[in-house]
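As structure tokens, the structure follows; a few thoughts come after it.
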Amino acid sequence: MDSPIELLGGRLWACFHSVYHILDGYLPYSIQMVLRQLYCLFSVSTCMSPTPSAPPGFPSSGNGLWYLTPGEIWGEEWLPVGNGYLAAMLPGGTSQELTQLNIESLWSGGPFQDPSYNGGNSLPSQNAQLAQDMQSIRQTIFASGTIDSIQEIMADGGAYGSYAGAGYLLATLNTSGTVTNYARWLDLDEAITRTTWSQGGAIFSRETFCSHPLRAFAAEIGLPIPNVTCLDDSTLMVRGYVSDPGMLYEMLAQVEAPGGAVACSAIPGSSLPNATISVSGSSEAWVTWVGDTNYDMTAGDAASSYSFEGPDPHDNLLSLLASANLRSSNYSSILSEHVSDYQSIMGPFSLSLGQIPDLNTPTDQIVKSYQTNVGNAYLEWLTFNFGRYLLASSARGTLPANLQGKWADGLTNAWSSDANINIQMNYWFAEVTNMNVVVPLFDYFENTWAPRGAYTAWVMYNISSGWVTHSEAFGHTGMKLSGNSALWADYPESNAWMMIHVWDHFDYTNDVQWWISQGYPLLKGVASFHLEKLIEDLYFNDSTLVTAPCNSPEQFPITFGCAHAQQVIWQLLNAVEKGYAAAGDTDTAFLNAVRSKRSQMDKGLRIGSWGQLQEWKLDLDSPTDTHRHLSHLIGLYPGYAVASYDPTLQGSLIVNGTTLNYTREQILAAAETSLLHRGNGTGPDADSGWEKVWRAGSWAQLGKTDEFYEALTYSIERNFAANLFDVYTPGATIFQIDANLGYPAAVLNALLQAPDVASMDIPLQVTLLPSLPANWSTGSIKGARIRGGITLDFTWAGAKLTSAIFTVDHDVAGRERNVTVNYEGRVLGRFRSKGDLIVNLP
């Protein structure tokens, strides 16, 4: 069966909304979709609902969010829909509905706003001076251990811009009277939002699906007012710019009303062209909404002058609306195709925590009553599924899921709604839950990071191999100067961290063709840069190679040999060696350099004066530092430099003239000490959800069940709103999606662990139920994926494992490996991953 993406010409920009489906007779009045500046107010209706119970049509499994009143606060109560290209937030109104819209590529700033924008980089003429400045910085660092500032090698960020909302859609139903039997919900089985109510003797139903909100458009305050005109009798055309000058966007909204009359007409007296669509005489109406911008990710290279500018979107949008497949489909078939497509992404994997669905309590009340450590298996399961829904609904566009997925309100948004820790955390669970959503992320690296990143490597670091980045939007690869901003901007290892995802995709899928064409070239480019950037440690003079200057992300001091940097680069070089043969690479000089410099590297693993795993090569850690980031523990989770520590590969270091060789137990104990002293995710610097779920995943990796569950449940009580969006700080309205997407990863790490290893010759260690909370004493996982192309189904009851079935893919691409399965501190079984092998345990 063709997917909706195929039906719409390969790029799912279309949105569908069943505007009003009247279950009892025809519309008493005409539907009017009025386009105007958003100075209007909602009409006030009284909503009355009977004794609470889930509305008819709500999933009997409880897999959804439901409410008995319309939403008021955008980031805490409205409900999201999306398909990756488009997104929308809906409050669930009645006689008036206001729908907030997003187009994934609608950004202010960049070359669209400022033709001189250069990705935050210095000019070519500054290369020689920057090389001298870099040498001076390193000399200072190696003389004193730290340096106060590196501003001389940083550059102004220029017109960095922000992800922007595309405006609002206002739909008005000309009816009045008391609203009763009101309910709204988000169906996570089908990715559909629905609203039902009774009013004026009729029963009304509205549904929106896939990123398919819309019924019309109203301009957002802050955006330049667009032109709204009638393309034809049933189609509105909205054209405008995100700023002046700025990126062009266009939206077309086409109305279908079987058996009724549809009319588009201009609104007289408007300062700019404005129009409205009216529907009358129909018991059902729906809108197909398409939108795009003139952003082109493939135009972010030197050949295109880093313009990122593509063609006017108008012709493409007309083609989508004129698609034979789309025009020949009725609403029911379009809806069916949508559900089938969504379930193809979500269906291969399922999780049960033994939850009992609560169909008598609205979701907002369940969230309100939730308590740390007490927990609620149903809400914890629902939050897991909601995280997967958000990724499926935001990751399958041209651009990856950003700081807010694809949902953002306003012309500017917090932290520009770009990417930092979140772009990594957003995808932590994707491979394990068998979600085919990650390739757009890699396309983004290839087209926006690598081209200009090669220039940054040369102009800033005087390195002619590979590429580097320090930030994201419009190929912004430079190190952004904003005061003494090195603590967050000095992060050239961001590319190495992201290569973990590139390697993981190959390691989980054995997709050799993709690895050859995209994955390995990305990895090789990043590794080539870091091979040149590693330099000899002239402070300790221990013959190791380190990074300098470096910051542990968002921490001072500026120093050398930061543990985070050393760990991710070590993992990067391991991935190159493990994937070299499958890529068909014959560059033996490169492979030899990888092996040689890896052996010389400081591995970023030192135990400090109070038993901690040091964050820096210098022992500078404070036991009272509760910073939100766990940067030096990346090797514990989600990485493996700590979790799979091997003293034969990572040991033998010199400390104060003494050769040490830490045991695995010592390294894990030091990591635990650091994690404990980092606090519970509520500190003077932040009180965010993502730091709590990262702590939860890390405690799970250590097998600390009580600490895991406390951190996980604390994140829900403290940071998750009534609509299950993660709120950055309690009491604020800033939405950050990384906790929503980090949460499923943390849950999975308590149930199933199979961290990477340094070599394909080392057996993969799979641990089942390593941190199982008492509240999840019965459950199952079906369709989980682990490294090597292996699918795992397992069940447990009475807090004990009852079955585990490992199924190896038919084609493992010659990458057979040894697997050891562990449970409750003992080896449950061993096998070698030969194609088509099925292993039943215990």
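Convention: chains lettered A, B, ... in structure tokens order; per-chain residue numbering from 1; ligands numbered from 1 as shown.
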Worksheet item: Which polymer residues have any atom within 10 Å of an atom of segment 513-517 of chain A, counting only C-alpha atoms, with same-chain residues fewer than 2 positions away left out, as a list in words?
Response: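 Residues near the query, excluding close chain neighbours: Val439, Val502, Trp503, His505, Phe506, Asp507, Thr509, Asn510, Asp511, Gly519, Tyr520, Pro521, Leu522, Leu523, Gly579, Tyr580, Ala582, Ala583, Gly584 and Asp585 of chain A.
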Worksheet entry | strand (DSSP E or B) per DSSP on the backbone: members of segment 101-253 of chain A, as number ranges by chain | A: 101-103, 107, 147, 155-156, 163, 167-173, 179-187, 192-199, 202-209, 212, 218, 227-232, 235-241, 248-253
Worksheet item: Quick one: residues within 9 Å of Ala159 of chain A, only C-alpha atoms counted, chain neighbours fewer than 5 positions away excluded, as an MDAnalysis selection string?
Response: chainID A and resid 108:111 113:114 117 119:120
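In this model, the gap between atom CA of Asn822 of chain A and atom CA of Leu769 of chain A comes to 9.2 Å.
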Item to complete: Return the single residue from A:Arg695, A:Arg832, A:Lys597, A:Lys782 that is closest to Thr433 of chain A, with distances computed using only C-alpha atoms.
Response: A:Lys782
Closest contacts (segment 272-376 of chain A/segment 55-75 of chain A, max 12 Å, only C-alpha atoms) as a tab-separated table:
residue	atom	partner	partner_atom	distance
A:Ser350	CA	A:Asn63	CA	11.7
A:Leu351	CA	A:Asn63	CA	11.5
A:Ser352	CA	A:Ser61	CA	10.7
A:Gly354	CA	A:Ser61	CA	11.6
A:Gln355	CA	A:Gly62	CA	9.5
A:Ile356	CA	A:Gly62	CA	8.3
A:Pro357	CA	A:Gly62	CA	5.0
A:Asp358	CA	A:Gly62	CA	6.8
A:Leu359	CA	A:Gly62	CA	6.6
A:Asn360	CA	A:Pro55	CA	9.7
A:Thr361	CA	A:Trp66	CA	8.7
A:Pro362	CA	A:Tyr67	CA	5.2
A:Thr363	CA	A:Trp66	CA	5.6
A:Asp364	CA	A:Tyr67	CA	6.9
A:Gln365	CA	A:Tyr67	CA	8.9
A:Ile366	CA	A:Leu65	CA	10.2
A:Val367	CA	A:Leu65	CA	10.7
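Atom CA of Asp619 of chain A lies 8.7 Å from atom CA of Arg606 of chain A.
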Discussion item. Give me the residues near Ala799 of chain A as a ChimeraX atom specification, where near means some atom within 12 Å (using only C-alpha atoms) and where sequence neighbours in that chain fewer than 4 positions away do not count.
Written reply: /A:353-354,751,768-780,795,824
Item to complete: Mind giving me the straight-line distance from atom CA of Asp537 of chain A to atom CA of Thr624 of chain A in Å, one decimal?
Response: 28.4 Å
